[in-house]
>>> print(open('input-v8.cif').read())   # mmCIF, N, CA and C atoms and all ligand atoms
data_query
loop_
_atom_site.label_atom_id
_atom_site.label_comp_id
_atom_site.auth_asym_id
_atom_site.auth_seq_id
_atom_site.Cartn_x
_atom_site.Cartn_y
_atom_site.Cartn_z
N MET A 1 -18.66 -14.34 -15.08
CA MET A 1 -17.26 -14.69 -15.36
C MET A 1 -16.39 -14.25 -14.18
N SER A 2 -15.51 -15.13 -13.77
CA SER A 2 -14.67 -14.81 -12.62
C SER A 2 -13.48 -13.95 -13.04
N ASN A 3 -13.12 -13.00 -12.21
CA ASN A 3 -12.01 -12.09 -12.50
C ASN A 3 -11.11 -11.99 -11.27
N THR A 4 -10.65 -13.15 -10.81
CA THR A 4 -9.81 -13.16 -9.61
C THR A 4 -8.44 -12.56 -9.92
N GLU A 5 -8.06 -11.59 -9.11
CA GLU A 5 -6.77 -10.92 -9.29
C GLU A 5 -6.00 -10.93 -7.97
N GLN A 6 -4.71 -10.65 -8.10
CA GLN A 6 -3.89 -10.39 -6.91
C GLN A 6 -3.36 -8.97 -6.99
N THR A 7 -3.25 -8.33 -5.83
CA THR A 7 -2.67 -7.00 -5.79
C THR A 7 -1.78 -6.89 -4.56
N LEU A 8 -0.89 -5.90 -4.58
CA LEU A 8 -0.01 -5.71 -3.42
C LEU A 8 -0.51 -4.57 -2.56
N SER A 9 -0.52 -4.80 -1.27
CA SER A 9 -0.86 -3.75 -0.32
C SER A 9 0.28 -3.59 0.67
N ILE A 10 0.52 -2.34 1.05
CA ILE A 10 1.51 -2.05 2.11
C ILE A 10 0.82 -1.24 3.21
N ILE A 11 0.97 -1.70 4.45
CA ILE A 11 0.60 -0.86 5.59
C ILE A 11 1.86 -0.09 5.95
N LYS A 12 1.78 1.23 5.83
CA LYS A 12 2.97 2.09 5.93
C LYS A 12 3.36 2.35 7.40
N PRO A 13 4.57 2.90 7.60
CA PRO A 13 5.07 3.08 8.97
C PRO A 13 4.13 3.82 9.92
N ASP A 14 3.42 4.82 9.43
CA ASP A 14 2.54 5.58 10.35
C ASP A 14 1.44 4.70 10.93
N ALA A 15 0.93 3.76 10.14
CA ALA A 15 -0.16 2.90 10.61
C ALA A 15 0.37 1.75 11.47
N VAL A 16 1.55 1.21 11.10
CA VAL A 16 2.15 0.15 11.92
C VAL A 16 2.45 0.71 13.31
N GLU A 17 3.02 1.91 13.32
CA GLU A 17 3.38 2.58 14.57
C GLU A 17 2.17 2.79 15.49
N ARG A 18 1.01 3.01 14.90
CA ARG A 18 -0.21 3.25 15.70
C ARG A 18 -1.02 1.95 15.91
N ASN A 19 -0.39 0.80 15.68
CA ASN A 19 -1.03 -0.50 15.94
C ASN A 19 -2.34 -0.69 15.17
N LEU A 20 -2.34 -0.26 13.91
CA LEU A 20 -3.56 -0.35 13.09
C LEU A 20 -3.56 -1.57 12.16
N ILE A 21 -2.59 -2.45 12.32
CA ILE A 21 -2.47 -3.58 11.38
C ILE A 21 -3.75 -4.43 11.35
N ASP A 22 -4.23 -4.84 12.50
CA ASP A 22 -5.40 -5.73 12.51
C ASP A 22 -6.65 -5.02 11.99
N GLU A 23 -6.80 -3.73 12.37
CA GLU A 23 -7.99 -3.00 11.89
C GLU A 23 -7.98 -2.88 10.37
N ILE A 24 -6.82 -2.60 9.81
CA ILE A 24 -6.74 -2.45 8.34
C ILE A 24 -6.93 -3.81 7.67
N LYS A 25 -6.33 -4.86 8.23
CA LYS A 25 -6.52 -6.20 7.65
C LYS A 25 -8.00 -6.60 7.68
N ASN A 26 -8.69 -6.23 8.74
CA ASN A 26 -10.12 -6.55 8.82
C ASN A 26 -10.93 -5.88 7.73
N ILE A 27 -10.54 -4.66 7.37
CA ILE A 27 -11.24 -3.96 6.28
C ILE A 27 -11.06 -4.73 4.97
N PHE A 28 -9.85 -5.24 4.73
CA PHE A 28 -9.65 -6.04 3.50
C PHE A 28 -10.56 -7.28 3.52
N ILE A 29 -10.56 -7.96 4.65
CA ILE A 29 -11.33 -9.21 4.75
C ILE A 29 -12.82 -8.94 4.57
N GLN A 30 -13.31 -7.85 5.21
CA GLN A 30 -14.73 -7.50 5.08
C GLN A 30 -15.11 -7.18 3.63
N ASN A 31 -14.13 -6.76 2.84
CA ASN A 31 -14.39 -6.43 1.43
C ASN A 31 -13.99 -7.56 0.48
N ASN A 32 -13.98 -8.77 1.02
CA ASN A 32 -13.72 -9.98 0.22
C ASN A 32 -12.34 -10.01 -0.43
N LEU A 33 -11.38 -9.37 0.21
CA LEU A 33 -9.99 -9.50 -0.24
C LEU A 33 -9.29 -10.44 0.73
N ASN A 34 -8.88 -11.59 0.23
CA ASN A 34 -8.19 -12.57 1.07
C ASN A 34 -6.71 -12.21 1.15
N ILE A 35 -6.19 -12.25 2.36
CA ILE A 35 -4.76 -11.96 2.55
C ILE A 35 -4.02 -13.29 2.40
N ILE A 36 -3.44 -13.50 1.23
CA ILE A 36 -2.85 -14.82 1.00
C ILE A 36 -1.39 -14.89 1.41
N ASP A 37 -0.76 -13.75 1.63
CA ASP A 37 0.58 -13.74 2.23
C ASP A 37 0.76 -12.39 2.89
N SER A 38 1.54 -12.37 3.97
CA SER A 38 1.73 -11.13 4.72
C SER A 38 3.04 -11.23 5.49
N LYS A 39 3.82 -10.16 5.47
CA LYS A 39 5.03 -10.16 6.31
C LYS A 39 5.35 -8.74 6.75
N LYS A 40 5.89 -8.67 7.97
CA LYS A 40 6.31 -7.38 8.53
C LYS A 40 7.80 -7.26 8.29
N ILE A 41 8.22 -6.18 7.63
CA ILE A 41 9.62 -6.01 7.28
C ILE A 41 10.03 -4.56 7.49
N HIS A 42 11.33 -4.33 7.52
CA HIS A 42 11.85 -2.95 7.59
C HIS A 42 12.85 -2.81 6.45
N ILE A 43 12.47 -2.07 5.41
CA ILE A 43 13.31 -2.01 4.21
C ILE A 43 14.31 -0.85 4.31
N SER A 44 15.37 -0.96 3.50
CA SER A 44 16.38 0.11 3.46
C SER A 44 15.91 1.23 2.53
N LYS A 45 16.60 2.37 2.60
CA LYS A 45 16.25 3.46 1.70
C LYS A 45 16.47 3.05 0.24
N ASP A 46 17.52 2.29 -0.01
CA ASP A 46 17.79 1.83 -1.40
C ASP A 46 16.65 0.95 -1.92
N GLU A 47 16.14 0.09 -1.06
CA GLU A 47 15.02 -0.78 -1.47
C GLU A 47 13.77 0.07 -1.73
N ALA A 48 13.54 1.06 -0.87
CA ALA A 48 12.38 1.94 -1.07
C ALA A 48 12.52 2.69 -2.40
N ALA A 49 13.74 3.13 -2.69
CA ALA A 49 14.00 3.88 -3.94
C ALA A 49 13.72 3.00 -5.15
N GLU A 50 14.09 1.72 -5.04
CA GLU A 50 13.83 0.78 -6.13
C GLU A 50 12.32 0.54 -6.28
N PHE A 51 11.66 0.34 -5.14
CA PHE A 51 10.21 0.08 -5.19
C PHE A 51 9.45 1.25 -5.81
N TYR A 52 9.84 2.48 -5.43
CA TYR A 52 9.10 3.66 -5.89
C TYR A 52 9.75 4.32 -7.11
N LYS A 53 10.59 3.59 -7.86
CA LYS A 53 11.37 4.25 -8.93
C LYS A 53 10.50 4.91 -10.00
N VAL A 54 9.25 4.44 -10.15
CA VAL A 54 8.32 5.08 -11.09
C VAL A 54 8.10 6.56 -10.71
N HIS A 55 8.37 6.92 -9.45
CA HIS A 55 8.18 8.31 -9.00
C HIS A 55 9.50 9.09 -8.95
N GLN A 56 10.56 8.54 -9.57
CA GLN A 56 11.88 9.15 -9.32
C GLN A 56 12.03 10.59 -9.82
N SER A 57 11.19 10.99 -10.76
CA SER A 57 11.29 12.37 -11.24
C SER A 57 10.44 13.34 -10.42
N LYS A 58 9.71 12.83 -9.45
CA LYS A 58 8.79 13.68 -8.69
C LYS A 58 9.53 14.42 -7.57
N PRO A 59 9.08 15.61 -7.25
CA PRO A 59 9.76 16.39 -6.19
C PRO A 59 9.70 15.71 -4.82
N PHE A 60 8.70 14.87 -4.61
CA PHE A 60 8.54 14.24 -3.30
C PHE A 60 9.27 12.88 -3.19
N TYR A 61 10.02 12.50 -4.24
CA TYR A 61 10.62 11.15 -4.28
C TYR A 61 11.55 10.86 -3.10
N ASN A 62 12.45 11.80 -2.80
CA ASN A 62 13.41 11.55 -1.72
C ASN A 62 12.70 11.38 -0.38
N ASP A 63 11.77 12.27 -0.09
CA ASP A 63 11.01 12.17 1.18
C ASP A 63 10.23 10.86 1.23
N LEU A 64 9.68 10.47 0.10
CA LEU A 64 8.87 9.25 0.02
C LEU A 64 9.73 8.02 0.37
N CYS A 65 10.95 7.99 -0.18
CA CYS A 65 11.85 6.86 0.09
C CYS A 65 12.33 6.87 1.53
N ASN A 66 12.63 8.05 2.05
CA ASN A 66 13.01 8.14 3.47
C ASN A 66 11.87 7.65 4.34
N TYR A 67 10.67 8.04 3.97
CA TYR A 67 9.52 7.68 4.80
C TYR A 67 9.24 6.18 4.82
N LEU A 68 9.21 5.56 3.63
CA LEU A 68 8.86 4.13 3.58
C LEU A 68 9.91 3.27 4.30
N SER A 69 11.13 3.80 4.40
CA SER A 69 12.20 3.04 5.07
C SER A 69 12.39 3.49 6.51
N SER A 70 11.49 4.33 7.02
CA SER A 70 11.69 4.91 8.36
C SER A 70 11.28 3.99 9.50
N GLY A 71 10.56 2.93 9.20
CA GLY A 71 10.11 2.02 10.26
C GLY A 71 9.48 0.78 9.64
N PRO A 72 9.05 -0.16 10.47
CA PRO A 72 8.45 -1.39 9.93
C PRO A 72 7.20 -1.12 9.09
N ILE A 73 7.04 -1.97 8.08
CA ILE A 73 5.84 -1.93 7.24
C ILE A 73 5.30 -3.37 7.15
N VAL A 74 4.05 -3.49 6.72
CA VAL A 74 3.50 -4.83 6.47
C VAL A 74 3.16 -4.90 4.99
N VAL A 75 3.76 -5.88 4.30
CA VAL A 75 3.45 -6.07 2.88
C VAL A 75 2.57 -7.31 2.75
N MET A 76 1.56 -7.19 1.91
CA MET A 76 0.57 -8.27 1.77
C MET A 76 0.21 -8.51 0.31
N ILE A 77 -0.08 -9.77 0.00
CA ILE A 77 -0.73 -10.09 -1.28
C ILE A 77 -2.22 -10.25 -0.98
N LEU A 78 -3.02 -9.42 -1.65
CA LEU A 78 -4.48 -9.53 -1.52
C LEU A 78 -5.02 -10.20 -2.77
N GLU A 79 -5.98 -11.10 -2.58
CA GLU A 79 -6.56 -11.81 -3.72
C GLU A 79 -8.07 -11.75 -3.65
N GLY A 80 -8.70 -11.51 -4.79
CA GLY A 80 -10.16 -11.51 -4.84
C GLY A 80 -10.64 -11.01 -6.18
N GLU A 81 -11.94 -11.02 -6.32
CA GLU A 81 -12.60 -10.54 -7.54
C GLU A 81 -12.25 -9.05 -7.76
N GLY A 82 -11.63 -8.74 -8.88
CA GLY A 82 -11.28 -7.34 -9.18
C GLY A 82 -10.43 -6.70 -8.09
N ALA A 83 -9.48 -7.46 -7.54
CA ALA A 83 -8.76 -7.02 -6.34
C ALA A 83 -8.05 -5.67 -6.49
N VAL A 84 -7.49 -5.38 -7.67
CA VAL A 84 -6.76 -4.13 -7.85
C VAL A 84 -7.70 -2.94 -7.63
N PHE A 85 -8.84 -2.98 -8.28
CA PHE A 85 -9.81 -1.88 -8.19
C PHE A 85 -10.44 -1.82 -6.80
N VAL A 86 -10.82 -2.98 -6.29
CA VAL A 86 -11.48 -3.01 -4.97
C VAL A 86 -10.54 -2.42 -3.91
N ASN A 87 -9.27 -2.81 -3.97
CA ASN A 87 -8.32 -2.29 -2.98
C ASN A 87 -8.17 -0.79 -3.10
N ARG A 88 -8.10 -0.28 -4.32
CA ARG A 88 -7.94 1.17 -4.50
C ARG A 88 -9.18 1.91 -4.02
N LYS A 89 -10.32 1.31 -4.21
CA LYS A 89 -11.57 1.95 -3.76
C LYS A 89 -11.62 2.01 -2.23
N ILE A 90 -11.24 0.95 -1.58
CA ILE A 90 -11.34 0.98 -0.12
C ILE A 90 -10.19 1.75 0.53
N MET A 91 -9.09 1.97 -0.22
CA MET A 91 -8.03 2.84 0.31
C MET A 91 -8.46 4.30 0.28
N GLY A 92 -9.14 4.72 -0.79
CA GLY A 92 -9.52 6.12 -0.96
C GLY A 92 -8.42 6.93 -1.62
N SER A 93 -8.70 8.22 -1.84
CA SER A 93 -7.74 9.10 -2.54
C SER A 93 -6.42 9.17 -1.81
N THR A 94 -5.36 9.43 -2.60
CA THR A 94 -4.00 9.51 -2.04
C THR A 94 -3.92 10.48 -0.86
N ASP A 95 -4.57 11.63 -1.03
CA ASP A 95 -4.56 12.65 0.02
C ASP A 95 -5.73 12.38 0.98
N PRO A 96 -5.44 12.02 2.23
CA PRO A 96 -6.53 11.70 3.18
C PRO A 96 -7.59 12.80 3.29
N LYS A 97 -7.16 14.05 3.07
CA LYS A 97 -8.13 15.17 3.17
C LYS A 97 -9.20 15.06 2.08
N LYS A 98 -8.83 14.41 0.96
CA LYS A 98 -9.78 14.30 -0.16
C LYS A 98 -10.42 12.92 -0.23
N ALA A 99 -10.03 12.02 0.66
CA ALA A 99 -10.52 10.64 0.59
C ALA A 99 -11.99 10.56 1.00
N GLU A 100 -12.68 9.62 0.39
CA GLU A 100 -14.10 9.42 0.61
C GLU A 100 -14.32 8.83 2.02
N ASP A 101 -15.53 9.08 2.58
CA ASP A 101 -15.85 8.56 3.91
C ASP A 101 -15.67 7.05 3.95
N ASN A 102 -15.24 6.57 5.12
CA ASN A 102 -15.08 5.14 5.39
C ASN A 102 -13.96 4.45 4.60
N THR A 103 -13.16 5.23 3.88
CA THR A 103 -11.99 4.61 3.25
C THR A 103 -10.85 4.57 4.28
N ILE A 104 -9.87 3.70 4.01
CA ILE A 104 -8.77 3.53 4.97
C ILE A 104 -8.02 4.85 5.18
N ARG A 105 -7.77 5.56 4.08
CA ARG A 105 -7.01 6.81 4.23
C ARG A 105 -7.82 7.89 4.93
N LYS A 106 -9.13 7.90 4.73
CA LYS A 106 -9.98 8.87 5.45
C LYS A 106 -9.99 8.52 6.94
N LEU A 107 -10.11 7.23 7.24
CA LEU A 107 -10.21 6.81 8.64
C LEU A 107 -8.89 7.00 9.37
N TYR A 108 -7.76 6.68 8.70
CA TYR A 108 -6.50 6.59 9.43
C TYR A 108 -5.38 7.48 8.91
N GLY A 109 -5.46 7.97 7.67
CA GLY A 109 -4.36 8.74 7.09
C GLY A 109 -4.16 10.06 7.83
N ILE A 110 -2.89 10.46 7.89
CA ILE A 110 -2.53 11.69 8.61
C ILE A 110 -2.25 12.82 7.62
N SER A 111 -1.60 12.48 6.51
CA SER A 111 -1.21 13.47 5.50
C SER A 111 -0.98 12.73 4.19
N ILE A 112 -0.67 13.47 3.12
CA ILE A 112 -0.45 12.81 1.83
C ILE A 112 0.77 11.87 1.90
N ASP A 113 1.73 12.17 2.76
CA ASP A 113 2.88 11.27 2.93
C ASP A 113 2.52 10.11 3.86
N LYS A 114 1.98 10.47 5.01
CA LYS A 114 1.61 9.46 6.00
C LYS A 114 0.16 9.05 5.75
N ASN A 115 -0.04 8.40 4.61
CA ASN A 115 -1.41 8.06 4.21
C ASN A 115 -1.76 6.58 4.46
N SER A 116 -1.01 5.97 5.37
CA SER A 116 -1.32 4.66 5.99
C SER A 116 -1.19 3.42 5.10
N VAL A 117 -1.54 3.53 3.83
CA VAL A 117 -1.48 2.36 2.95
C VAL A 117 -1.03 2.72 1.54
N HIS A 118 -0.43 1.73 0.91
CA HIS A 118 -0.15 1.79 -0.53
C HIS A 118 -0.87 0.62 -1.18
N GLY A 119 -1.35 0.82 -2.41
CA GLY A 119 -1.92 -0.29 -3.16
C GLY A 119 -1.55 -0.15 -4.63
N SER A 120 -1.30 -1.26 -5.29
CA SER A 120 -0.92 -1.25 -6.70
C SER A 120 -2.00 -0.53 -7.52
N ASP A 121 -1.56 0.24 -8.53
CA ASP A 121 -2.53 1.02 -9.30
C ASP A 121 -2.99 0.35 -10.59
N SER A 122 -2.44 -0.82 -10.92
CA SER A 122 -2.86 -1.55 -12.12
C SER A 122 -2.47 -3.02 -11.93
N LEU A 123 -3.06 -3.87 -12.74
CA LEU A 123 -2.74 -5.29 -12.67
C LEU A 123 -1.27 -5.53 -13.02
N GLU A 124 -0.79 -4.77 -13.99
CA GLU A 124 0.62 -4.91 -14.41
C GLU A 124 1.56 -4.54 -13.26
N ASN A 125 1.27 -3.41 -12.61
CA ASN A 125 2.12 -3.00 -11.48
C ASN A 125 1.95 -3.93 -10.29
N ALA A 126 0.76 -4.48 -10.12
CA ALA A 126 0.53 -5.43 -9.02
C ALA A 126 1.48 -6.62 -9.17
N GLN A 127 1.59 -7.13 -10.39
CA GLN A 127 2.46 -8.29 -10.61
C GLN A 127 3.92 -7.94 -10.29
N LYS A 128 4.33 -6.74 -10.74
CA LYS A 128 5.72 -6.30 -10.48
C LYS A 128 5.96 -6.10 -8.99
N GLU A 129 4.98 -5.50 -8.32
CA GLU A 129 5.16 -5.18 -6.89
C GLU A 129 5.13 -6.45 -6.03
N ILE A 130 4.28 -7.41 -6.41
CA ILE A 130 4.26 -8.70 -5.69
C ILE A 130 5.61 -9.40 -5.87
N GLU A 131 6.09 -9.37 -7.10
CA GLU A 131 7.40 -9.96 -7.39
C GLU A 131 8.49 -9.31 -6.54
N PHE A 132 8.42 -7.99 -6.44
CA PHE A 132 9.44 -7.24 -5.70
C PHE A 132 9.55 -7.71 -4.25
N PHE A 133 8.41 -7.91 -3.60
CA PHE A 133 8.45 -8.24 -2.17
C PHE A 133 8.39 -9.74 -1.87
N PHE A 134 7.87 -10.54 -2.77
CA PHE A 134 7.60 -11.93 -2.40
C PHE A 134 8.30 -12.99 -3.25
N LYS A 135 8.92 -12.59 -4.36
CA LYS A 135 9.45 -13.65 -5.23
C LYS A 135 10.97 -13.61 -5.36
N ASN A 136 11.67 -13.08 -4.35
CA ASN A 136 13.14 -13.12 -4.48
C ASN A 136 13.82 -13.55 -3.19
P1 LIG A 201 1.41 5.73 -2.64
O1 LIG A 201 0.13 5.15 -3.07
O2 LIG A 201 2.26 4.91 -1.74
O3 LIG A 201 2.28 6.12 -3.93
C1 LIG A 201 3.26 7.13 -3.90
C2 LIG A 201 3.18 7.98 -2.68
O4 LIG A 201 3.78 9.25 -2.77
C3 LIG A 201 1.74 8.28 -2.34
O5 LIG A 201 1.10 7.11 -1.89
C4 LIG A 201 1.90 9.39 -1.31
O6 LIG A 201 2.01 8.90 0.02
C5 LIG A 201 3.24 10.02 -1.69
N1 LIG A 201 3.12 11.42 -2.08
C6 LIG A 201 3.72 12.46 -1.49
N2 LIG A 201 3.42 13.61 -2.09
C7 LIG A 201 2.59 13.31 -3.12
C8 LIG A 201 1.94 14.07 -4.11
N3 LIG A 201 2.06 15.42 -4.19
N4 LIG A 201 1.16 13.42 -5.01
C9 LIG A 201 1.04 12.07 -4.97
N5 LIG A 201 1.65 11.29 -4.03
C10 LIG A 201 2.41 11.91 -3.12
#
>>> encode(input="input-v8.cif", output="structure tokens", more="lines below")
Ligand code: CMP
Amino acid sequence: MSNTEQTLSIIKPDAVERNLIDEIKNIFIQNNLNIIDSKKIHISKDEAAEFYKVHQSKPFYNDLCNYLSSGPIVVMILEGEGAVFVNRKIMGSTDPKKAEDNTIRKLYGISIDKNSVHGSDSLENAQKEIEFFFKN
């Protein structure tokens, strides 16, 4: 049975700054995630705050919003079999120090803040996050 899903991925400012866009996109492609839309944008702090509002009660929220709006990012729609789970698996743990070998965050992440990529954590959030960046 086919289980084609779409998920949202963001290449964060630390990775864009280090010219890692093509390397990270290649990892998605090698793992059967098709990049069906992609754009490089620079969002405002208010937009970052809206995007990350699920984290608004967290102590790191303000820094997180400052960070995501600190420089260009690449937002992508990834599509493939079980895309939400596959993307989270290849990203690795949030904290690069704890990420599994050969995951994007292990290979490229600098810290828990500068962890190179974001990926939707559920199908429901994937739909909301895709809508946020691509449907308005
Ligand atoms: P991301 O997947 O983009 O979702 C929220 C982000 O908050 C997360 O990646 C981290 O970069 C960042 N963050 C900063 N501090 C923490 C923390 N203590 N726990 C979880 N996420 C954190």
>>> select_by_dssp(input="input-v8.cif", residues="region 57-107 of chain A", states="helix (DSSP H, G or I)", output="ChimeraX atom specification")
/A:61-68,83-91,96-98,104-107
>>> closest_residue(input="input-v8.cif", among="A:Asp113, A:Ser93, A:Thr4, A:Glu131", to="ligand LIG 201 (chain A)", atoms="all atoms listed in the file")
A:Asp113
>>> residues_near_ligand(input="input-v8.cif", ligand="ligand LIG 201 (chain A)", cutoff="5 Å", atoms="all atoms listed in the file", output="ChimeraX atom specification")
/A:112-113,118-119
>>> atom_distance(input="input-v8.cif", atom1="atom N of Asn62 (chain A)", atom2="atom N of Lys45 (chain A)")
11.6 Å
>>> residues_around(input="input-v8.cif", residues="Gly71 (chain A)", least_positions_apart="5", cutoff="9 Å", atoms="only C-alpha atoms", output="ChimeraX atom specification")
/A:12-14,16-17,41-43
>>> closest_residue(input="input-v8.cif", among="A:Ile104, A:Leu33, A:Leu123, A:Leu20", to="Glu81 (chain A)", atoms="all atoms listed in the file")
A:Leu33
>>> build_atoms(input="input-v8.cif", residues="region 52-64 of chain A", atoms="N, CA, C and O atoms", output="compact mmCIF listing (two decimals), in the coordinates of the input")
# COMPACT_ATOMS: atom_id res chain seq x y z
N TYR A 52 9.84 2.48 -5.43
CA TYR A 52 9.10 3.66 -5.89
C TYR A 52 9.75 4.32 -7.11
O TYR A 52 9.49 5.49 -7.38
N LYS A 53 10.59 3.59 -7.86
CA LYS A 53 11.37 4.25 -8.93
C LYS A 53 10.50 4.91 -10.00
O LYS A 53 10.92 5.86 -10.65
N VAL A 54 9.25 4.44 -10.15
CA VAL A 54 8.32 5.08 -11.09
C VAL A 54 8.10 6.56 -10.71
O VAL A 54 7.75 7.38 -11.57
N HIS A 55 8.37 6.92 -9.45
CA HIS A 55 8.18 8.31 -9.00
C HIS A 55 9.50 9.09 -8.95
O HIS A 55 9.54 10.17 -8.36
N GLN A 56 10.56 8.54 -9.57
CA GLN A 56 11.88 9.15 -9.32
C GLN A 56 12.03 10.59 -9.82
O GLN A 56 12.87 11.32 -9.30
N SER A 57 11.19 10.99 -10.76
CA SER A 57 11.29 12.37 -11.24
C SER A 57 10.44 13.34 -10.42
O SER A 57 10.47 14.55 -10.66
N LYS A 58 9.71 12.83 -9.45
CA LYS A 58 8.79 13.68 -8.69
C LYS A 58 9.53 14.42 -7.57
O LYS A 58 10.47 13.88 -6.98
N PRO A 59 9.08 15.61 -7.25
CA PRO A 59 9.76 16.39 -6.19
C PRO A 59 9.70 15.71 -4.82
O PRO A 59 10.56 15.95 -3.98
N PHE A 60 8.70 14.87 -4.61
CA PHE A 60 8.54 14.24 -3.30
C PHE A 60 9.27 12.88 -3.19
O PHE A 60 9.17 12.21 -2.17
N TYR A 61 10.02 12.50 -4.24
CA TYR A 61 10.62 11.15 -4.28
C TYR A 61 11.55 10.86 -3.10
O TYR A 61 11.44 9.82 -2.44
N ASN A 62 12.45 11.80 -2.80
CA ASN A 62 13.41 11.55 -1.72
C ASN A 62 12.70 11.38 -0.38
O ASN A 62 12.98 10.43 0.37
N ASP A 63 11.77 12.27 -0.09
CA ASP A 63 11.01 12.17 1.18
C ASP A 63 10.23 10.86 1.23
O ASP A 63 10.13 10.22 2.28
N LEU A 64 9.68 10.47 0.10
CA LEU A 64 8.87 9.25 0.02
C LEU A 64 9.73 8.02 0.37
O LEU A 64 9.30 7.16 1.14
